[in-house]
Structures are given as C-alpha cells and as structure tokens.
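entry05.txt (compact mmCIF, C-alpha atoms and all ligand atoms)
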```txt
# COMPACT_ATOMS: atom_id res chain seq x y z
CA MET A 879 -55.15 58.47 11.24
CA SER A 880 -57.08 55.23 11.83
CA SER A 881 -57.52 51.75 10.42
CA ASN A 882 -60.95 50.36 9.53
CA ASP A 883 -60.32 46.84 10.78
CA CYS A 884 -58.60 47.82 14.04
CA ILE A 885 -60.51 47.15 17.27
CA PHE A 886 -58.61 49.86 19.14
CA CYS A 887 -59.41 52.45 16.45
CA LYS A 888 -63.08 51.45 16.84
CA ILE A 889 -62.85 51.88 20.63
CA ILE A 890 -61.15 55.29 20.23
CA ALA A 891 -63.88 56.39 17.80
CA GLY A 892 -66.64 55.17 20.14
CA ASP A 893 -67.73 52.57 17.59
CA ALA A 894 -66.92 49.64 19.91
CA PRO A 895 -67.65 49.43 23.65
CA ALA A 896 -64.90 49.85 26.20
CA TYR A 897 -64.39 50.64 29.87
CA LYS A 898 -62.58 53.92 29.25
CA VAL A 899 -60.73 55.38 32.20
CA PHE A 900 -58.82 58.33 30.72
CA GLU A 901 -58.66 60.38 27.56
CA ASP A 902 -56.82 63.47 26.37
CA ALA A 903 -56.18 64.98 22.94
CA ASP A 904 -53.64 62.32 22.00
CA VAL A 905 -54.40 59.10 23.89
CA THR A 906 -57.20 56.91 25.23
CA ALA A 907 -56.94 54.43 28.10
CA PHE A 908 -59.35 51.58 28.81
CA LEU A 909 -59.46 48.34 30.75
CA ASP A 910 -58.38 45.12 29.07
CA ILE A 911 -61.33 42.70 28.81
CA PHE A 912 -59.01 39.66 28.95
CA PRO A 913 -57.00 40.93 31.94
CA TRP A 914 -53.88 39.36 33.35
CA ALA A 915 -54.78 41.03 36.65
CA LYS A 916 -57.47 43.23 38.17
CA GLY A 917 -57.19 46.74 36.72
CA HIS A 918 -55.13 45.68 33.66
CA THR A 919 -55.21 48.86 31.58
CA LEU A 920 -54.23 49.65 28.00
CA VAL A 921 -52.99 53.09 26.94
CA VAL A 922 -53.17 53.73 23.21
CA PRO A 923 -52.36 56.71 20.98
CA LYS A 924 -55.41 57.98 19.09
CA ASN A 925 -53.44 57.68 15.87
CA HIS A 926 -53.08 54.18 14.45
CA TRP A 927 -49.39 53.26 14.59
CA PRO A 928 -48.78 49.50 14.51
CA ASN A 929 -45.80 49.32 16.82
CA ILE A 930 -42.67 50.90 18.34
CA PHE A 931 -40.98 50.91 14.94
CA ASP A 932 -43.66 53.21 13.48
CA ILE A 933 -44.86 55.45 16.27
CA PRO A 934 -43.42 59.00 16.15
CA ASP A 935 -41.79 60.57 19.19
CA ASP A 936 -44.69 62.91 20.01
CA ASP A 937 -47.29 60.12 20.21
CA ALA A 938 -44.87 57.87 22.12
CA ALA A 939 -44.29 60.71 24.58
CA ALA A 940 -48.03 61.28 24.92
CA VAL A 941 -48.54 57.59 25.75
CA MET A 942 -45.82 57.72 28.42
CA ARG A 943 -47.24 60.94 29.90
CA ALA A 944 -50.60 59.20 30.29
CA VAL A 945 -48.94 56.08 31.72
CA ARG A 946 -47.23 58.26 34.33
CA LYS A 947 -50.61 59.73 35.27
CA ILE A 948 -52.55 56.46 35.33
CA ALA A 949 -49.96 54.27 37.10
CA PRO A 950 -50.19 55.96 40.53
CA ALA A 951 -53.98 56.21 40.21
CA LEU A 952 -54.19 52.46 39.55
CA ARG A 953 -51.84 51.71 42.43
CA ASP A 954 -53.81 53.86 44.85
CA THR A 955 -57.27 52.76 43.66
CA LEU A 956 -56.48 49.04 43.89
CA GLN A 957 -53.89 49.17 46.68
CA ALA A 958 -51.40 47.47 44.35
CA ASP A 959 -47.91 46.67 45.61
CA GLY A 960 -46.34 47.17 42.18
CA LEU A 961 -47.07 47.46 38.48
CA ASN A 962 -45.62 46.02 35.27
CA LEU A 963 -45.46 47.93 31.99
CA LEU A 964 -45.59 45.59 29.01
CA GLN A 965 -45.40 46.64 25.38
CA SER A 966 -45.24 44.07 22.58
CA ASN A 967 -44.13 44.55 18.97
CA GLY A 968 -44.77 41.92 16.32
CA SER A 969 -46.34 38.49 16.62
CA ALA A 970 -42.94 37.04 17.61
CA ALA A 971 -43.17 39.28 20.65
CA TRP A 972 -46.81 38.31 21.46
CA GLN A 973 -48.44 41.35 19.86
CA THR A 974 -52.02 40.45 18.92
CA VAL A 975 -53.51 43.90 18.24
CA ASP A 976 -51.51 45.87 15.69
CA HIS A 977 -52.19 49.28 17.21
CA PHE A 978 -49.39 50.43 19.51
CA HIS A 979 -50.40 50.04 23.15
CA MET A 980 -48.87 49.97 26.59
CA HIS A 981 -50.15 47.48 29.15
CA LEU A 982 -50.32 48.58 32.79
CA ILE A 983 -50.61 45.46 34.93
CA PRO A 984 -51.09 46.03 38.66
CA ARG A 985 -49.25 43.56 40.87
CA TRP A 986 -49.61 42.32 44.43
CA ALA A 987 -47.02 40.56 46.52
CA GLY A 988 -47.52 36.82 46.10
CA ASP A 989 -49.91 37.09 43.13
CA SER A 990 -49.99 34.29 40.57
CA LEU A 991 -48.19 35.96 37.66
CA VAL A 992 -44.80 34.56 36.68
CA PRO A 993 -41.97 36.17 34.67
CA PRO A 994 -42.21 35.45 30.92
CA GLY A 995 -38.51 34.58 30.69
CA HIS A 996 -35.68 33.36 32.84
CA SER A 997 -32.22 34.83 33.26
CA ALA A 998 -28.87 33.11 33.39
CA PRO A 999 -25.30 34.40 33.37
CA GLY A 1000 -24.44 35.66 29.87
CA ASP A 1001 -21.44 35.04 27.61
CA HIS A 1002 -19.49 38.30 28.03
CA GLU A 1003 -17.74 38.01 24.65
CA ALA A 1004 -21.08 37.71 22.90
CA ILE A 1005 -22.54 40.56 24.98
CA GLU A 1006 -19.57 42.79 24.15
CA ALA A 1007 -19.82 41.95 20.43
CA THR A 1008 -23.51 42.86 20.43
CA ALA A 1009 -22.81 46.09 22.34
CA LYS A 1010 -20.19 47.08 19.74
CA LYS A 1011 -22.46 46.36 16.78
CA LEU A 1012 -25.42 48.14 18.34
CA SER A 1013 -23.50 51.23 19.47
CA GLN A 1014 -22.00 51.44 15.98
CA GLN A 1015 -25.46 51.32 14.45
CA LEU A 1016 -26.69 53.98 16.86
CA SER A 1017 -23.82 56.34 16.08
CA ASP A 1018 -24.24 56.10 12.27
P1 LIG A 1101 -51.10 42.49 22.80
O1 LIG A 1101 -51.22 41.00 22.89
O2 LIG A 1101 -51.23 42.95 21.36
O3 LIG A 1101 -49.90 43.06 23.48
O4 LIG A 1101 -52.31 43.08 23.62
C1 LIG A 1101 -53.61 43.20 23.11
C2 LIG A 1101 -54.52 43.25 24.29
O5 LIG A 1101 -55.77 43.72 23.85
C3 LIG A 1101 -54.74 41.90 24.95
O6 LIG A 1101 -54.34 41.95 26.32
C4 LIG A 1101 -56.25 41.67 24.80
O7 LIG A 1101 -56.80 41.10 25.95
C5 LIG A 1101 -56.78 43.07 24.58
N1 LIG A 1101 -57.98 43.13 23.77
C6 LIG A 1101 -58.22 42.46 22.60
N2 LIG A 1101 -59.46 42.81 22.14
C7 LIG A 1101 -59.97 43.71 23.02
C8 LIG A 1101 -61.20 44.42 23.06
O8 LIG A 1101 -62.08 44.31 22.20
N3 LIG A 1101 -61.37 45.27 24.12
C9 LIG A 1101 -60.42 45.44 25.08
N4 LIG A 1101 -60.69 46.29 26.06
N5 LIG A 1101 -59.26 44.76 25.07
C10 LIG A 1101 -59.03 43.91 24.05
ZN ZN A 1102 -55.89 51.23 15.26
```
How does this structure look as structure tokens?
Ligand code: 5GP
Ligand code: ZN
Amino acid sequence: MSSNDCIFCKIIAGDAPAYKVFEDADVTAFLDIFPWAKGHTLVVPKNHWPNIFDIPDDDAAAVMRAVRKIAPALRDTLQADGLNLLQSNGSAAWQTVDHFHMHLIPRWAGDSLVPPGHSAPGDHEAIEATAKKLSQQLSD
C-alpha cells in the first residue's frame, strides 16, 4: 500500500534517492537529509500509514524491531553517548511527512540539542481526573 505523492513511498520504491542503511520485508531505514544530529535516521514501514492512529500492530512492531537493531549499531558506529526516539503525529505535533516514521537521533554529552518542552510540578487533581477518564476509555 503506497501513496503517489508521498516522498517516503518514493524512497521505499527506489523512485527517489536516499541514503538507505537497512531494509527487511516490512521496513526501510535511511538517513534524514535535514538532520538534527549526525546519523539522524528514519525508520519507516513499507506500507503507507499516515500516523500512530492508523498503523496496525504488525507494522508498528516491525518498525520497533528495526529500531532495536539499528539503535545499537548507530551508537557503536558513531560512538554516541545516547539516542532519542522521536515520533510525531499530526501537524500540531510537528509531523511534516504523513507516512509513519520513527526518528533515531544520536546524542552526545554536551551536544547542542535542547528539550522541546519544559516540565513543572503538575496539578494532582487534574492529573487524577485525566487518569480516571483515560483508564475508563481504555477499559471500554
Ligand atoms: P516529521 O517532521 O514528519 O516528524 O519528520 C519528517 C522528516 O523527514 C524530517 O526530519 C525531514 O528532515 C525528513 N525528510 C523530509 N524530506 C526528506 C527526503 O526527501 N529525504 C530524507 N531522507 N528525509 C526527508
Ligand atoms: Zn508513504
């Protein structure tokens, strides 16, 4: 399943260039050409699912299997100190390519990346209310 106007579908099909680093029956991985860091890698299912709300369990599992294989290889190849996984869904959440993908972003102690948000002590009543609503939804 693919989409004609999707750059990642074109890369998967070999119709657009990419620095591919891994492929199996279900996923392709290639380097991001606008990287946040050296070695920034994208893992994508070969099927075109827009986001986490659409992707079926088997393709999601295949992506995570590949991530688990590529992460230590990236760390060892680039002597990274750590690695962020980032996965965005919807433009409100920064998604710019509507083909599900996982970012692997190698990190080094003292590098220039900064957290995208900031944390502060939460309102426990509000947290508890959200937990109740969500757990109810999940048990329906
Ligand atoms: P998103 O913002 O949707 O989470 O991530 C999309 C990513 O795809 C971005 O990091 C962007 O740099 C990358 N990207 C966009 N177009 C291309 C392309 O043609 N080739 C590659 N390799 N990466 C791309
Ligand atoms: Zn696609």
**Message:** Which residue is closest to Lys916 of chain A? Choose from A:Gln1015, A:Ile885, A:Gly988, A:Leu952 and count all atoms listed in the file.
**Reply:**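 Nearest to Lys916 of chain A: A:Leu952.
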**Request:** Residues within 7 Å of ligand ZN 1102 (chain A), counting only C-alpha atoms and all ligand atoms: report them as a PyMOL selection string.
**Result:** chain A and resi 880-881+884-887+925-927+976-977
Kindly save the residues from that selection, with C-alpha atoms included, as a PDB file, keeping the file's coordinate frame.
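Saved file again16.pdb follows:
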```pdb
ATOM      1  CA  SER A 880     -57.080  55.230  11.830  1.00  0.00           C
ATOM      2  CA  SER A 881     -57.520  51.750  10.420  1.00  0.00           C
ATOM      3  CA  CYS A 884     -58.600  47.820  14.040  1.00  0.00           C
ATOM      4  CA  ILE A 885     -60.510  47.150  17.270  1.00  0.00           C
ATOM      5  CA  PHE A 886     -58.610  49.860  19.140  1.00  0.00           C
ATOM      6  CA  CYS A 887     -59.410  52.450  16.450  1.00  0.00           C
ATOM      7  CA  ASN A 925     -53.440  57.680  15.870  1.00  0.00           C
ATOM      8  CA  HIS A 926     -53.080  54.180  14.450  1.00  0.00           C
ATOM      9  CA  TRP A 927     -49.390  53.260  14.590  1.00  0.00           C
ATOM     10  CA  ASP A 976     -51.510  45.870  15.690  1.00  0.00           C
ATOM     11  CA  HIS A 977     -52.190  49.280  17.210  1.00  0.00           C
TER      12      HIS A 977
END
```
Select from chain A every residue with an atom at most 8 Å from any atom of ligand LIG 1101 (chain A), then for each give the shortest pair of atoms and their distance in Å to one decimal, using all atoms listed in the file, rows by chain and rising number, as a Markdown table.
```
| residue | atom | partner | partner_atom | distance |
| --- | --- | --- | --- | --- |
| A:Ile885 | CA | A:LIG1101 | O8 | 5.9 |
| A:Phe886 | CA | A:LIG1101 | C8 | 7.2 |
| A:Ile889 | CA | A:LIG1101 | N3 | 7.6 |
| A:Ala894 | CA | A:LIG1101 | O8 | 7.6 |
| A:Pro895 | CA | A:LIG1101 | N3 | 7.5 |
| A:Ala896 | CA | A:LIG1101 | N4 | 5.5 |
| A:Tyr897 | CA | A:LIG1101 | N4 | 6.9 |
| A:Phe908 | CA | A:LIG1101 | N4 | 6.1 |
| A:Leu909 | CA | A:LIG1101 | N4 | 5.3 |
| A:Asp910 | CA | A:LIG1101 | N4 | 4.0 |
| A:Ile911 | CA | A:LIG1101 | N4 | 4.6 |
| A:Phe912 | CA | A:LIG1101 | O7 | 4.0 |
| A:Pro913 | CA | A:LIG1101 | O7 | 6.0 |
| A:Trp914 | CA | A:LIG1101 | O6 | 7.5 |
| A:Leu920 | CA | A:LIG1101 | O5 | 7.4 |
| A:Leu964 | CA | A:LIG1101 | O3 | 7.5 |
| A:Gln965 | CA | A:LIG1101 | O3 | 6.1 |
| A:Ser966 | CA | A:LIG1101 | O3 | 4.9 |
| A:Asn967 | CA | A:LIG1101 | O3 | 7.5 |
| A:Trp972 | CA | A:LIG1101 | O1 | 5.4 |
| A:Gln973 | CA | A:LIG1101 | O2 | 3.5 |
| A:Thr974 | CA | A:LIG1101 | O2 | 3.6 |
| A:Val975 | CA | A:LIG1101 | O2 | 4.0 |
| A:Asp976 | CA | A:LIG1101 | O2 | 6.4 |
| A:His977 | CA | A:LIG1101 | O2 | 7.6 |
| A:Phe978 | CA | A:LIG1101 | O2 | 7.9 |
| A:His979 | CA | A:LIG1101 | O3 | 7.0 |
| A:Met980 | CA | A:LIG1101 | O3 | 7.6 |
| A:His981 | CA | A:LIG1101 | O3 | 7.2 |
```
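Between atom CA of Gly968 of chain A and atom CA of Val922 of chain A lies a distance of 16.0 Å.
The two atoms in question, atom CA of Gln957 of chain A and atom CA of Asp989 of chain A, are spaced 13.2 Å apart.
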**Shortest interatomic distance to Thr919 of chain A - which of A:Ala940, A:Ala958, A:Val899, A:Leu991, counting only C-alpha atoms** =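 Closest residue, counting only C-alpha atoms: A:Val899.
The interatomic distance for the pair atom CA of Asp954 of chain A and atom CA of Lys898 of chain A works out to 17.9 Å.
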**Message:** For a quick check of your reading of the model, name the residues lying within 9 Å of the coordinate (-43.7, 43.3, 38.3), counting only C-alpha atoms, and write them as a PyMOL selection string.
**Reply:** chain A and resi 960-963+983-986+991-993
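Compared by their closest atoms to Pro923 of chain A, and using all atoms listed in the file, the residues A:Glu1003, A:Asp936, A:Asp1018, A:Asp904 rank with A:Asp904 nearest.
Each of A:Ala1009, A:Leu982, A:Ala971, A:Pro999 was checked against Ile930 of chain A using only C-alpha atoms; the smallest atom-to-atom distance is that of A:Ala971.
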Report, as lines of an AutoDock Vina configuration file, the centre and edge lengths in Å (one decimal) of the axis-aligned box enclosing every listed atom of segment 978-987 of chain A, padded by 4 Å on each side.
```
center_x = -49.1
center_y = 45.5
center_z = 33.0
size_x = 12.1
size_y = 17.9
size_z = 35.0
```
